[in-house]
$ cat start.csv   # CSV, C-alpha atoms and all ligand atoms
chain,number,residue,atom,x,y,z
V,1,MET,CA,-6.4,-17.5,10.9
V,2,LYS,CA,-9.1,-18.5,13.4
V,3,LEU,CA,-10.5,-15.4,15.1
V,4,LEU,CA,-12.7,-15.1,18.1
V,5,LEU,CA,-14.3,-11.7,18.4
V,6,VAL,CA,-15.2,-10.4,21.9
V,7,GLY,CA,-17.4,-7.3,22.2
V,8,THR,CA,-19.0,-5.1,19.5
V,9,TYR,CA,-18.2,-5.0,15.8
V,10,SER,CA,-16.9,-2.1,13.7
V,11,SER,CA,-17.4,-1.7,10.0
V,12,ALA,CA,-13.7,-2.4,9.4
V,13,LEU,CA,-14.1,-5.7,11.4
V,14,ARG,CA,-17.0,-6.7,9.2
V,15,ARG,CA,-14.9,-6.1,6.1
V,16,LEU,CA,-12.0,-8.0,7.7
V,17,ILE,CA,-14.2,-11.0,8.1
V,18,ASP,CA,-16.1,-10.7,4.8
V,19,ASP,CA,-13.3,-9.7,2.5
V,20,PHE,CA,-10.4,-11.9,3.6
V,21,ASP,CA,-10.8,-15.6,3.3
V,22,ASP,CA,-7.7,-16.3,5.3
V,23,ILE,CA,-9.5,-15.0,8.4
V,24,GLU,CA,-12.2,-17.3,9.8
V,25,LEU,CA,-14.5,-16.0,12.5
V,26,VAL,CA,-15.1,-18.9,14.8
V,27,GLU,CA,-17.5,-17.1,17.1
V,28,SER,CA,-18.5,-13.7,18.2
V,29,VAL,CA,-19.2,-13.4,21.9
V,30,ALA,CA,-20.0,-10.8,24.6
V,31,LEU,CA,-17.5,-9.4,27.1
V,32,GLY,CA,-17.2,-11.3,30.4
V,33,PRO,CA,-17.2,-15.0,31.2
V,34,PRO,CA,-18.5,-16.2,27.8
V,35,ALA,CA,-15.2,-15.1,26.3
V,36,PRO,CA,-12.7,-17.5,28.0
V,37,ARG,CA,-15.3,-20.2,27.8
V,38,ALA,CA,-15.6,-19.8,24.0
V,39,ALA,CA,-11.9,-19.6,23.6
V,40,ARG,CA,-11.4,-22.9,25.5
V,41,ASP,CA,-14.0,-24.6,23.4
V,42,LEU,CA,-13.2,-23.2,20.0
V,43,ARG,CA,-9.4,-22.9,20.2
V,44,PRO,CA,-9.0,-19.7,18.2
V,45,GLU,CA,-5.5,-18.5,17.2
V,46,VAL,CA,-6.3,-14.8,17.9
V,47,VAL,CA,-8.9,-13.3,20.3
V,48,LEU,CA,-9.8,-9.7,19.4
V,49,VAL,CA,-11.3,-7.8,22.3
V,50,ALA,CA,-13.1,-4.6,21.7
V,51,ILE,CA,-12.6,-2.3,24.7
V,52,GLU,CA,-15.4,0.1,25.3
V,53,ARG,CA,-15.7,3.1,27.7
V,54,PRO,CA,-15.7,2.5,30.6
V,55,PRO,CA,-13.0,-0.1,30.0
V,56,ASN,CA,-12.9,-2.1,33.2
V,57,TRP,CA,-15.3,-4.9,32.2
V,58,ALA,CA,-13.3,-5.4,28.9
V,59,LEU,CA,-10.0,-5.3,30.7
V,60,MET,CA,-11.2,-7.9,33.2
V,61,THR,CA,-12.1,-10.0,30.2
V,62,VAL,CA,-8.6,-9.6,28.7
V,63,ARG,CA,-7.1,-10.7,32.1
V,64,ASP,CA,-9.4,-13.8,32.2
V,65,LEU,CA,-8.5,-14.7,28.6
V,66,ALA,CA,-4.8,-14.3,29.3
V,67,ALA,CA,-4.7,-16.4,32.5
V,68,GLY,CA,-2.5,-19.5,32.5
V,69,SER,CA,-0.4,-18.9,29.2
V,70,PRO,CA,-3.2,-19.9,26.8
V,71,PRO,CA,-2.4,-20.9,23.1
V,72,TRP,CA,-4.3,-18.0,21.7
V,73,THR,CA,-3.0,-14.4,21.1
V,74,ILE,CA,-5.0,-11.6,22.5
V,75,VAL,CA,-5.3,-8.3,20.6
V,76,ALA,CA,-7.3,-5.3,22.0
V,77,LEU,CA,-9.2,-2.8,19.9
V,78,VAL,CA,-9.7,0.7,21.4
V,79,ASP,CA,-12.0,3.5,20.5
V,80,ARG,CA,-9.9,6.3,21.6
V,81,TRP,CA,-6.1,6.5,21.7
V,82,GLU,CA,-5.9,6.9,25.5
V,83,GLU,CA,-2.6,6.0,27.1
V,84,ASP,CA,-4.0,4.7,30.3
V,85,VAL,CA,-6.3,2.2,28.6
V,86,ILE,CA,-3.5,1.0,26.3
V,87,HIS,CA,-1.2,0.4,29.2
V,88,GLN,CA,-3.9,-1.4,31.1
V,89,ALA,CA,-4.8,-3.6,28.1
V,90,VAL,CA,-1.1,-4.6,27.7
V,91,LEU,CA,-0.7,-5.2,31.4
V,92,ALA,CA,-3.9,-7.3,31.3
V,93,GLY,CA,-2.3,-9.5,28.6
V,94,ALA,CA,-3.0,-8.0,25.2
V,95,ARG,CA,-0.2,-8.6,22.8
V,96,ASP,CA,-1.1,-5.5,20.7
V,97,VAL,CA,-3.6,-2.7,20.9
V,98,LEU,CA,-5.1,-1.3,17.7
V,99,PRO,CA,-7.3,1.8,17.1
V,100,ARG,CA,-10.9,0.9,16.1
V,101,ARG,CA,-10.7,3.3,13.2
V,102,SER,CA,-8.0,1.1,11.5
V,103,SER,CA,-8.9,-0.1,8.0
V,104,ALA,CA,-9.6,-3.8,7.4
V,105,MET,CA,-6.2,-4.2,5.8
V,106,GLU,CA,-4.4,-2.6,8.8
V,107,LEU,CA,-6.3,-4.9,11.2
V,108,ARG,CA,-5.4,-8.0,9.2
V,109,THR,CA,-1.7,-7.0,9.0
V,110,ALA,CA,-1.6,-6.3,12.8
V,111,LEU,CA,-3.4,-9.5,13.7
V,112,PHE,CA,-1.0,-11.7,11.7
V,113,ARG,CA,1.9,-9.7,13.1
V,114,ALA,CA,0.8,-10.1,16.7
V,115,ARG,CA,0.2,-13.8,16.1
V,116,ARG,CA,3.6,-14.3,14.5
V,117,ALA,CA,5.4,-12.4,17.2
V,118,GLN,CA,3.8,-14.6,19.9
V,119,LEU,CA,4.6,-17.9,18.0
V,120,GLU,CA,8.2,-16.8,17.4
V,121,GLU,CA,8.6,-16.0,21.1
V,122,ARG,CA,7.4,-19.4,22.0
V,123,SER,CA,9.3,-21.6,19.6
V,124,GLY,CA,11.7,-19.6,17.5
V,125,ALA,CA,10.9,-18.2,14.0
V,126,PRO,CA,8.7,-20.7,12.2
V,127,GLU,CA,9.6,-21.0,8.5
V,128,ASP,CA,6.2,-21.4,7.0
V,129,ILE,CA,4.7,-18.2,8.1
V,130,PRO,CA,5.3,-15.5,5.5
V,131,ARG,CA,6.8,-12.3,6.7
V,132,ALA,CA,5.3,-9.1,5.4
V,133,THR,CA,8.4,-7.1,5.2
V,134,GLY,CA,8.0,-4.9,2.1
V,135,SER,CA,6.3,-1.6,1.5
V,136,VAL,CA,3.6,-1.2,-1.0
V,137,VAL,CA,3.8,2.2,-2.8
V,138,ALA,CA,0.8,3.2,-5.0
V,139,ILE,CA,1.1,5.7,-7.8
V,140,PHE,CA,-2.2,7.2,-8.6
V,141,GLY,CA,-3.7,10.3,-10.2
V,142,ALA,CA,-7.0,12.0,-11.0
V,143,LYS,CA,-6.4,12.4,-14.7
V,144,GLY,CA,-4.7,10.5,-17.5
V,145,GLY,CA,-1.3,11.3,-18.9
V,146,VAL,CA,0.0,13.0,-15.7
V,147,GLY,CA,3.1,10.8,-15.5
V,148,ARG,CA,2.1,7.9,-13.3
V,149,THR,CA,3.7,5.2,-15.4
V,150,THR,CA,6.9,7.4,-15.9
V,151,LEU,CA,7.1,7.7,-12.1
V,152,ALA,CA,6.2,4.1,-11.3
V,153,THR,CA,8.8,2.6,-13.7
V,154,ASN,CA,11.6,4.9,-12.9
V,155,LEU,CA,11.0,4.8,-9.1
V,156,ALA,CA,10.9,1.0,-9.3
V,157,LEU,CA,14.2,0.9,-11.3
V,158,GLY,CA,15.8,3.4,-9.0
V,159,LEU,CA,14.9,1.3,-5.9
V,160,ALA,CA,16.0,-1.9,-7.6
V,161,THR,CA,19.5,-0.4,-8.1
V,162,THR,CA,19.7,1.1,-4.6
V,163,ASN,CA,21.0,-1.2,-1.8
V,164,SER,CA,20.1,-4.2,-4.0
V,165,ALA,CA,16.5,-3.8,-2.9
V,166,ARG,CA,14.1,-6.5,-4.2
V,167,VAL,CA,11.4,-4.7,-6.0
V,168,THR,CA,8.3,-5.7,-8.0
V,169,LEU,CA,6.5,-3.3,-10.3
V,170,VAL,CA,2.8,-4.1,-10.8
V,171,ASP,CA,0.6,-2.6,-13.5
V,172,THR,CA,-3.1,-2.7,-12.4
V,173,ASP,CA,-4.3,-0.7,-15.5
V,174,VAL,CA,-5.7,-3.8,-17.2
V,175,ALA,CA,-7.4,-1.8,-20.0
V,176,PHE,CA,-4.5,0.5,-21.0
V,177,GLY,CA,-1.5,-0.4,-18.9
V,178,ASP,CA,1.8,0.4,-20.5
V,179,VAL,CA,4.4,-0.5,-18.0
V,180,ALA,CA,5.6,-3.3,-20.4
V,181,LEU,CA,5.9,-0.8,-23.2
V,182,ALA,CA,7.8,1.7,-21.0
V,183,LEU,CA,10.3,-1.1,-20.2
V,184,ASN,CA,10.2,-2.6,-23.7
V,185,ILE,CA,9.4,-6.1,-22.4
V,186,GLU,CA,7.1,-8.8,-23.6
V,187,PRO,CA,4.1,-8.8,-21.3
V,188,THR,CA,3.8,-12.6,-20.5
V,189,PRO,CA,2.9,-13.8,-17.9
V,190,THR,CA,0.7,-11.0,-16.7
V,191,LEU,CA,-1.1,-9.8,-13.5
V,192,LEU,CA,-4.0,-12.0,-14.4
V,193,ASP,CA,-1.9,-15.2,-14.2
V,194,THR,CA,-1.0,-14.4,-10.6
V,195,LEU,CA,-4.6,-13.9,-9.5
V,196,ALA,CA,-5.5,-17.5,-10.4
V,197,ASP,CA,-6.4,-20.0,-7.7
V,198,GLY,CA,-3.4,-22.0,-6.7
V,199,VAL,CA,-0.9,-19.2,-7.6
V,200,LEU,CA,-2.1,-16.4,-5.4
V,201,ASP,CA,-1.4,-18.1,-2.1
V,202,ASP,CA,1.7,-20.0,-3.1
V,203,HIS,CA,4.9,-18.0,-2.8
V,204,ASP,CA,6.9,-20.2,-5.1
V,205,LYS,CA,4.3,-20.3,-7.9
V,206,LEU,CA,3.7,-16.5,-7.5
V,207,ARG,CA,7.5,-15.8,-7.7
V,208,ALA,CA,7.7,-17.9,-10.9
V,209,GLN,CA,5.1,-15.7,-12.5
V,210,LEU,CA,7.1,-12.5,-12.1
V,211,LEU,CA,8.9,-11.3,-15.2
V,212,GLU,CA,12.6,-10.4,-14.9
V,213,GLY,CA,13.1,-6.8,-16.1
V,214,PRO,CA,16.2,-4.6,-16.2
V,215,LYS,CA,18.4,-4.3,-13.1
V,216,ASP,CA,16.8,-7.4,-11.5
V,217,LEU,CA,13.5,-5.5,-11.3
V,218,LEU,CA,10.5,-8.0,-11.2
V,219,VAL,CA,7.5,-7.0,-13.2
V,220,LEU,CA,3.9,-7.9,-13.3
V,221,PRO,CA,2.6,-6.3,-16.4
V,222,ALA,CA,-1.0,-5.7,-17.4
V,223,PRO,CA,-2.3,-8.0,-20.2
V,224,VAL,CA,-2.4,-6.7,-23.8
V,225,ALA,CA,-6.1,-6.2,-23.8
V,226,ALA,CA,-8.5,-3.8,-25.4
V,227,TRP,CA,-10.9,-1.6,-23.4
V,228,PRO,CA,-12.7,-2.3,-21.2
V,229,GLY,CA,-10.3,-5.2,-20.2
V,230,PRO,CA,-11.0,-8.0,-17.7
V,231,THR,CA,-12.8,-7.3,-14.5
V,232,LEU,CA,-10.6,-7.8,-11.5
V,233,ASP,CA,-11.6,-8.9,-8.0
V,234,PRO,CA,-10.4,-6.2,-5.7
V,235,THR,CA,-10.0,-8.7,-2.8
V,236,ARG,CA,-7.6,-10.7,-4.9
V,237,ILE,CA,-5.6,-7.6,-5.6
V,238,THR,CA,-5.4,-6.9,-1.9
V,239,ARG,CA,-4.2,-10.5,-1.3
V,240,LEU,CA,-1.7,-10.3,-4.2
V,241,LEU,CA,-0.2,-7.1,-2.8
V,242,HIS,CA,0.1,-8.6,0.6
V,243,GLN,CA,1.8,-11.7,-0.8
V,244,LEU,CA,4.2,-9.5,-2.9
V,245,ALA,CA,5.0,-7.4,0.1
V,246,ALA,CA,6.1,-10.6,1.8
V,247,LEU,CA,8.5,-11.4,-1.1
V,248,ASN,CA,9.9,-7.9,-1.7
V,249,HIS,CA,11.3,-4.9,-0.1
V,250,PHE,CA,9.2,-2.6,-2.3
V,251,VAL,CA,6.1,-3.2,-4.4
V,252,ILE,CA,5.4,-0.3,-6.7
V,253,VAL,CA,1.9,-0.3,-8.1
V,254,ASP,CA,0.9,1.7,-11.2
V,255,THR,CA,-2.9,2.4,-11.4
V,256,SER,CA,-5.5,3.1,-13.9
V,257,VAL,CA,-7.0,6.6,-14.2
V,258,VAL,CA,-10.5,5.1,-13.8
V,259,ALA,CA,-11.7,5.3,-10.2
V,260,SER,CA,-12.4,1.7,-9.4
V,261,ASP,CA,-12.6,-0.8,-6.6
V,262,VAL,CA,-9.3,-2.1,-7.8
V,263,THR,CA,-7.6,1.3,-7.3
V,264,ALA,CA,-9.3,1.6,-3.9
V,265,ALA,CA,-7.9,-1.8,-3.0
V,266,VAL,CA,-4.4,-0.7,-4.1
V,267,LEU,CA,-4.6,2.5,-2.0
V,268,ASP,CA,-5.9,0.5,1.0
V,269,ALA,CA,-2.9,-1.8,0.8
V,270,ALA,CA,-0.4,1.0,0.3
V,271,GLU,CA,1.9,2.2,3.0
V,272,LEU,CA,2.5,5.3,0.8
V,273,ALA,CA,0.3,6.6,-2.0
V,274,LEU,CA,1.9,9.1,-4.4
V,275,LEU,CA,-0.7,11.3,-6.1
V,276,VAL,CA,0.7,12.6,-9.4
V,277,ALA,CA,-0.6,15.9,-10.7
V,278,THR,CA,0.7,18.3,-13.4
V,279,PRO,CA,0.4,22.2,-13.3
V,280,GLU,CA,-2.7,22.3,-15.4
V,281,VAL,CA,-6.0,23.7,-14.2
V,282,PRO,CA,-8.3,20.6,-14.9
V,283,VAL,CA,-5.7,18.2,-13.4
V,284,LEU,CA,-5.4,20.4,-10.3
V,285,TYR,CA,-9.1,20.8,-10.0
V,286,HIS,CA,-9.8,17.0,-10.1
V,287,SER,CA,-6.8,16.1,-8.0
V,288,ARG,CA,-8.1,18.4,-5.3
V,289,ARG,CA,-11.5,16.7,-5.5
V,290,LEU,CA,-9.8,13.4,-5.2
V,291,LEU,CA,-7.8,14.4,-2.1
V,292,GLU,CA,-11.1,15.7,-0.6
V,293,SER,CA,-12.8,12.4,-1.4
V,294,LEU,CA,-10.0,10.4,0.3
V,295,HIS,CA,-10.4,12.6,3.3
V,296,THR,CA,-14.2,12.1,3.3
V,297,HIS,CA,-13.7,8.3,3.1
V,298,ASP,CA,-11.3,8.5,6.1
V,299,PHE,CA,-8.3,7.4,4.1
V,300,PRO,CA,-5.3,8.2,6.4
V,301,VAL,CA,-4.1,11.4,4.9
V,302,ASP,CA,-0.6,11.0,6.2
V,303,ARG,CA,-0.2,8.1,3.8
V,304,VAL,CA,-0.6,10.4,0.8
V,305,GLN,CA,2.1,12.5,-0.7
V,306,VAL,CA,1.6,14.8,-3.7
V,307,VAL,CA,4.0,14.8,-6.6
V,308,LEU,CA,3.9,17.7,-9.0
V,309,ASN,CA,5.1,16.4,-12.3
V,310,ARG,CA,6.2,18.5,-15.2
V,311,ALA,CA,6.9,21.3,-12.9
V,312,GLY,CA,8.0,24.4,-14.7
V,313,SER,CA,6.2,23.5,-17.9
V,314,ARG,CA,4.7,26.5,-19.7
V,315,THR,CA,1.1,26.0,-18.5
V,316,ASP,CA,0.7,29.4,-17.0
V,317,VAL,CA,0.2,27.8,-13.6
V,318,THR,CA,3.2,28.3,-11.2
V,319,THR,CA,4.3,25.9,-8.6
V,320,SER,CA,2.9,28.0,-5.8
V,321,GLN,CA,-0.4,28.4,-7.6
V,322,ALA,CA,-0.5,24.6,-8.0
V,323,ARG,CA,0.0,24.2,-4.2
V,324,THR,CA,-2.8,26.6,-3.5
V,325,ALA,CA,-5.1,25.0,-6.0
V,326,LEU,CA,-4.5,21.6,-4.4
V,327,ASP,CA,-4.6,22.9,-0.8
V,328,HIS,CA,-1.9,20.4,-0.1
V,329,ASP,CA,1.9,20.5,0.3
V,330,LEU,CA,3.8,19.6,-2.8
V,331,ASP,CA,5.9,16.8,-1.3
V,332,TRP,CA,7.9,16.3,-4.5
V,333,LEU,CA,8.6,18.1,-7.7
V,334,ILE,CA,9.6,16.5,-10.9
V,335,ARG,CA,10.7,19.0,-13.5
V,336,ASN,CA,9.4,19.1,-17.0
V,337,ASP,CA,12.0,17.4,-19.2
V,338,HIS,CA,12.0,16.3,-22.8
V,339,ALA,CA,14.1,13.3,-21.7
V,340,ALA,CA,11.0,11.7,-20.3
V,341,MET,CA,9.1,11.9,-23.6
V,342,ARG,CA,12.1,10.5,-25.5
V,343,ALA,CA,12.4,7.7,-23.0
V,344,THR,CA,8.7,6.8,-23.4
V,345,ALA,CA,9.0,6.8,-27.2
V,346,LEU,CA,12.1,4.5,-27.1
V,347,GLY,CA,10.9,2.2,-24.2
V,348,SER,CA,14.1,3.0,-22.4
V,349,PRO,CA,13.4,4.6,-18.9
V,350,VAL,CA,15.5,7.6,-18.0
V,351,MET,CA,16.8,5.8,-14.9
V,352,LEU,CA,18.6,3.4,-17.2
V,353,THR,CA,19.7,5.6,-20.1
V,354,GLN,CA,19.6,9.3,-19.0
V,355,SER,CA,20.4,9.1,-15.3
V,356,ARG,CA,21.6,12.7,-15.2
V,357,SER,CA,18.5,14.1,-16.8
V,358,ARG,CA,16.4,16.4,-14.7
V,359,VAL,CA,13.5,13.9,-14.5
V,360,ALA,CA,15.8,11.1,-13.3
V,361,VAL,CA,17.5,13.4,-10.8
V,362,ASP,CA,14.2,14.4,-9.3
V,363,ILE,CA,12.8,10.9,-9.2
V,364,ASN,CA,16.0,9.8,-7.5
V,365,LYS,CA,15.2,12.0,-4.6
V,366,ILE,CA,12.0,10.0,-4.0
V,367,VAL,CA,14.1,6.8,-4.3
V,368,ALA,CA,16.6,8.1,-1.7
V,369,TYR,CA,13.8,9.0,0.6
V,370,LEU,CA,12.1,5.6,0.3
V,371,ALA,CA,15.3,3.7,0.5
V,372,GLY,CA,16.4,5.6,3.6
V,373,VAL,CA,19.5,6.9,1.9
V,374,PRO,CA,20.7,10.1,3.6
V,375,SER,CA,20.5,12.8,1.1
V,376,PRO,CA,21.1,16.6,1.5
V,377,ARG,CA,18.4,17.1,-1.1
V,378,SER,CA,15.7,15.3,0.9
V,379,ARG,CA,12.1,16.0,0.7
V,380,SER,CA,12.3,19.1,2.7
V,381,HIS,CA,14.7,20.7,0.2
V,382,TRP,CA,11.7,21.4,-2.0
V,383,ARG,CA,10.2,23.7,0.5
V,384,PHE,CA,11.9,26.7,-1.1
V,385,TRP,CA,10.1,25.9,-4.3
V,386,ARG,CA,6.8,26.6,-2.6
V,387,ARG,CA,7.5,30.3,-2.1
U,1,LIG,N1,8.5,15.2,-16.2
U,1,LIG,C1,8.1,15.0,-17.4
U,1,LIG,N2,8.5,15.9,-18.4
U,1,LIG,C2,8.1,15.7,-19.7
U,1,LIG,N3,7.3,14.8,-20.1
U,1,LIG,C3,6.8,13.9,-19.2
U,1,LIG,C4,7.2,14.0,-17.8
U,1,LIG,N4,6.6,12.9,-17.2
U,1,LIG,C5,5.9,12.3,-18.1
U,1,LIG,N5,6.0,12.8,-19.3
U,1,LIG,C6,5.4,12.4,-20.6
U,1,LIG,O1,4.0,12.5,-20.5
U,1,LIG,C7,3.4,11.4,-21.2
U,1,LIG,C8,2.4,10.7,-20.2
U,1,LIG,O2,3.2,10.1,-19.2
U,1,LIG,P1,2.8,8.7,-18.5
U,1,LIG,O3,2.5,7.7,-19.6
U,1,LIG,O4,3.8,8.4,-17.5
U,1,LIG,O5,1.5,9.2,-17.8
U,1,LIG,P2,0.3,8.3,-17.2
U,1,LIG,O6,-0.3,9.1,-16.1
U,1,LIG,O7,0.8,6.9,-16.8
U,1,LIG,O8,-0.7,8.2,-18.4
U,1,LIG,P3,-1.9,7.2,-18.7
U,1,LIG,O9,-3.1,7.9,-18.3
U,1,LIG,O10,-1.8,6.9,-20.1
U,1,LIG,O11,-1.7,5.9,-17.8
U,1,LIG,C9,4.5,10.5,-21.7
U,1,LIG,O12,4.8,10.9,-23.0
U,1,LIG,C10,5.7,10.9,-20.8
U,1,LIG,O13,6.9,10.8,-21.5
U,2,MG,MG,0.0,5.0,-17.3
$ encode --input "start.csv" --output "structure tokens"
Amino acid sequence: MKLLLVGTYSSALRRLIDDFDDIELVESVALGPPAPRAARDLRPEVVLVAIERPPNWALMTVRDLAAGSPPWTIVALVDRWEEDVIHQAVLAGARDVLPRRSSAMELRTALFRARRAQLEERSGAPEDIPRATGSVVAIFGAKGGVGRTTLATNLALGLATTNSARVTLVDTDVAFGDVALALNIEPTPTLLDTLADGVLDDHDKLRAQLLEGPKDLLVLPAPVAAWPGPTLDPTRITRLLHQLAALNHFVIVDTSVVASDVTAAVLDAAELALLVATPEVPVLYHSRRLLESLHTHDFPVDRVQVVLNRAGSRTDVTTSQARTALDHDLDWLIRNDHAAMRATALGSPVMLTQSRSRVAVDINKIVAYLAGVPSPRSRSHWRFWRR
């Protein structure tokens, strides 16, 4: 996408331009008359106008850029979420208005969405522009063995059987990933095959690399590799997840316990990030620190939900103590259940073979929430556990 930038940069904008090679900055110009001039000369697809306080100068620029049904799409970026500025920007001709604090990934998604909406309005839905329809759900944790893979595989299977949703499960733990083991499938091709040039940006080739698992679940396993495993390029992971979101209703991503740029890229791409913890003191301690770090790094906290796994296990930490230790609501509880261990040992997920087990029943509540299935035992049901 050819992008003309008008006004001042933000760090997310720099990342947008540096990290995504499908966004090409054609020019960066000041507010005022240089903007429409540059747009006429350089024919960008999207013009992004940063609106500063006081906004009139920028709003006038938007009006000049929008005059005479131009071929480009105008998107405004605002510092503060002030209704009057947003209304004025839209009235002046902006197709969408985004907060400046948006992440690079959010900006990218919004720019493509705005462009697509405008093209569709002009000429009907073009076939060749991929639609990012699916939700990326990241499963992460501060410590090993907390149940990320158990949750990821069963959540993915549960979603795949609900409303016939198209679901891909991705294992980004390239050193010790065991999604393939959990599903008892041969891990070829793997995640690495999809990151190759020529595959990553081609929907048909990418689709051909996805393994067919049980219940029509599509799987992208980690390679069978010894530690430390191959080094992945986080920007490619971001692109892969975006492409998979265009092909699926849900993309469930299992992550490595190692804090890495790859896990950061997964979290950045995720619409929802489920932090898995168990009622054990070291796990709670590090999970709280992880939540605090996310907060410090301005990760949108409303995208994080906490899953207390193995709830009720005899660790001498009660559920309400776990909540206090994390200083975060326990959005979901998954009870301790021997069925989970048996399933891991046999490579047959509880969702397939022990659907009435406590662990399957509890994970199914998350499935119902994500799939939008009305359920009397929705997320809020768990509030009584917190007492
Ligand atoms: N609710 C549960 N009740 C009992 N056992 C569980 C539960 N959830 C997971 N387990 C067991 O805990 C072990 C670790 O689970 P799992 O492999 O899912 O964790 P992980 O976070 O992916 O670990 P890793 O750090 O190796 O990636 C497995 O033996 C699994 O069966
Ligand atoms: Mg795991």
$ residues_near_point --input "start.csv" --point "(-9.5, -3.8, -26.7)" --cutoff "12 Å" --atoms "all atoms listed in the file" --output "list in words"
Val174, Ala175, Phe176, Gly177, Pro223, Val224, Ala225, Ala226, Trp227, Pro228, Gly229 and Pro230 of chain V
$ write_last_selection --input "start.csv" --atoms "C-alpha atoms" --output "tab-separated table (two decimals), in the coordinates of the input"
chain	number	residue	atom	x	y	z
V	174	VAL	CA	-5.70	-3.80	-17.20
V	175	ALA	CA	-7.40	-1.80	-20.00
V	176	PHE	CA	-4.50	0.50	-21.00
V	177	GLY	CA	-1.50	-0.40	-18.90
V	223	PRO	CA	-2.30	-8.00	-20.20
V	224	VAL	CA	-2.40	-6.70	-23.80
V	225	ALA	CA	-6.10	-6.20	-23.80
V	226	ALA	CA	-8.50	-3.80	-25.40
V	227	TRP	CA	-10.90	-1.60	-23.40
V	228	PRO	CA	-12.70	-2.30	-21.20
V	229	GLY	CA	-10.30	-5.20	-20.20
V	230	PRO	CA	-11.00	-8.00	-17.70
$ residues_near_ligand --input "start.csv" --ligand "ligand MG 2 (chain U)" --cutoff "9 Å" --atoms "only C-alpha atoms and all ligand atoms" --output "ChimeraX atom specification"
/V:144-150,152,171,173,176-179,254-257
$ residues_near_point --input "start.csv" --point "(-18.6, -7.3, 16.2)" --cutoff "12 Å" --atoms "all atoms listed in the file" --output "list in words"
Leu3, Leu4, Leu5, Val6, Gly7, Thr8, Tyr9, Ser10, Ser11, Ala12, Leu13, Arg14, Arg15, Leu16, Ile17, Leu25, Glu27, Ser28, Val29, Ala30, Leu31, Leu48, Val49, Ala50, Ile51, Leu77 and Arg100 of chain V
$ atom_distance --input "start.csv" --atom1 "CA of Ala259 (chain V)" --atom2 "CA of Asn154 (chain V)"
23.5 Å
$ residues_around --input "start.csv" --residues "region 363-372 of chain V" --least-positions-apart "6" --cutoff "10 Å" --atoms "all atoms listed in the file" --output "JSON, numbers by chain"
{"V": [135, 137, 150, 151, 152, 154, 155, 156, 157, 158, 159, 160, 161, 162, 163, 165, 249, 250, 272, 307, 309, 331, 332, 333, 334, 335, 350, 351, 355, 356, 378, 379, 381]}
$ residues_around --input "start.csv" --residues "Gln118 (chain V)" --least-positions-apart "4" --cutoff "12 Å" --atoms "all atoms listed in the file" --output "PyMOL selection string"
chain V and resi 45-46+69-75+93-96+111-114+122-126
$ closest_residue --input "start.csv" --among "V:Ala264, V:Ala182, V:Val167, V:Ala196" --to "ligand LIG 1 (chain U)" --atoms "all atoms listed in the file"
V:Ala182
$ atom_distance --input "start.csv" --atom1 "CA of Asp362 (chain V)" --atom2 "CA of Asn184 (chain V)"
22.6 Å
$ closest_residue --input "start.csv" --among "V:Glu186, V:Glu280, V:Asp84, V:Asp233" --to "Asp19 (chain V)" --atoms "all atoms listed in the file"
V:Asp233
$ closest_residue --input "start.csv" --among "V:Arg63, V:Arg358, V:Arg80, V:Arg288" --to "ligand LIG 1 (chain U)" --atoms "all atoms listed in the file"
V:Arg358
$ residues_around --input "start.csv" --residues "Ser287 (chain V)" --least-positions-apart "5" --cutoff "10 Å" --atoms "all atoms listed in the file" --output "list in words"
Gly141, Ala142, Lys143, Leu275, Val276, Ala277, Thr278, Val281, Pro282, Glu292, Ser293, Val306, Ala325 and Leu326 of chain V
$ atom_distance --input "start.csv" --atom1 "CA of Ala138 (chain V)" --atom2 "CA of Gln321 (chain V)"
25.4 Å
$ closest_residue --input "start.csv" --among "V:Thr153, V:Thr238, V:Gln209, V:Thr190" --to "ligand LIG 1 (chain U)" --atoms "all atoms listed in the file"
V:Thr153
$ closest_residue --input "start.csv" --among "V:Ala180, V:Leu192, V:Ile185, V:Leu247" --to "ligand LIG 1 (chain U)" --atoms "all atoms listed in the file"
V:Ala180
$ residues_around --input "start.csv" --residues "Leu210 (chain V)" --least-positions-apart "2" --cutoff "8 Å" --atoms "all atoms listed in the file" --output "VMD selection string"
chain V and resid 189 206 to 208 212 218 to 220
$ closest_residue --input "start.csv" --among "V:Thr194, V:Gln88, V:Thr188, V:Asn336" --to "ligand LIG 1 (chain U)" --atoms "all atoms listed in the file"
V:Asn336
$ residues_around --input "start.csv" --residues "Pro36 (chain V)" --least-positions-apart "6" --cutoff "8 Å" --atoms "only C-alpha atoms" --output "count of residues only"
3
$ build_atoms --input "start.csv" --residues "region 264-268 of chain V" --atoms "N, CA and C atoms" --output "short mmCIF file (atom, residue, chain, number, x, y, z; two decimals), in the frame of the given file"
data_model
loop_
_atom_site.label_atom_id
_atom_site.label_comp_id
_atom_site.auth_asym_id
_atom_site.auth_seq_id
_atom_site.Cartn_x
_atom_site.Cartn_y
_atom_site.Cartn_z
N ALA V 264 -9.02 1.43 -5.38
CA ALA V 264 -9.30 1.60 -3.90
C ALA V 264 -8.55 0.54 -3.14
N ALA V 265 -8.56 -0.70 -3.66
CA ALA V 265 -7.90 -1.80 -3.00
C ALA V 265 -6.36 -1.54 -2.93
N VAL V 266 -5.83 -1.01 -4.04
CA VAL V 266 -4.40 -0.70 -4.10
C VAL V 266 -4.06 0.36 -3.05
N LEU V 267 -4.88 1.40 -3.00
CA LEU V 267 -4.60 2.50 -2.00
C LEU V 267 -4.72 1.96 -0.61
N ASP V 268 -5.68 1.08 -0.38
CA ASP V 268 -5.90 0.50 1.00
C ASP V 268 -4.66 -0.28 1.40
#
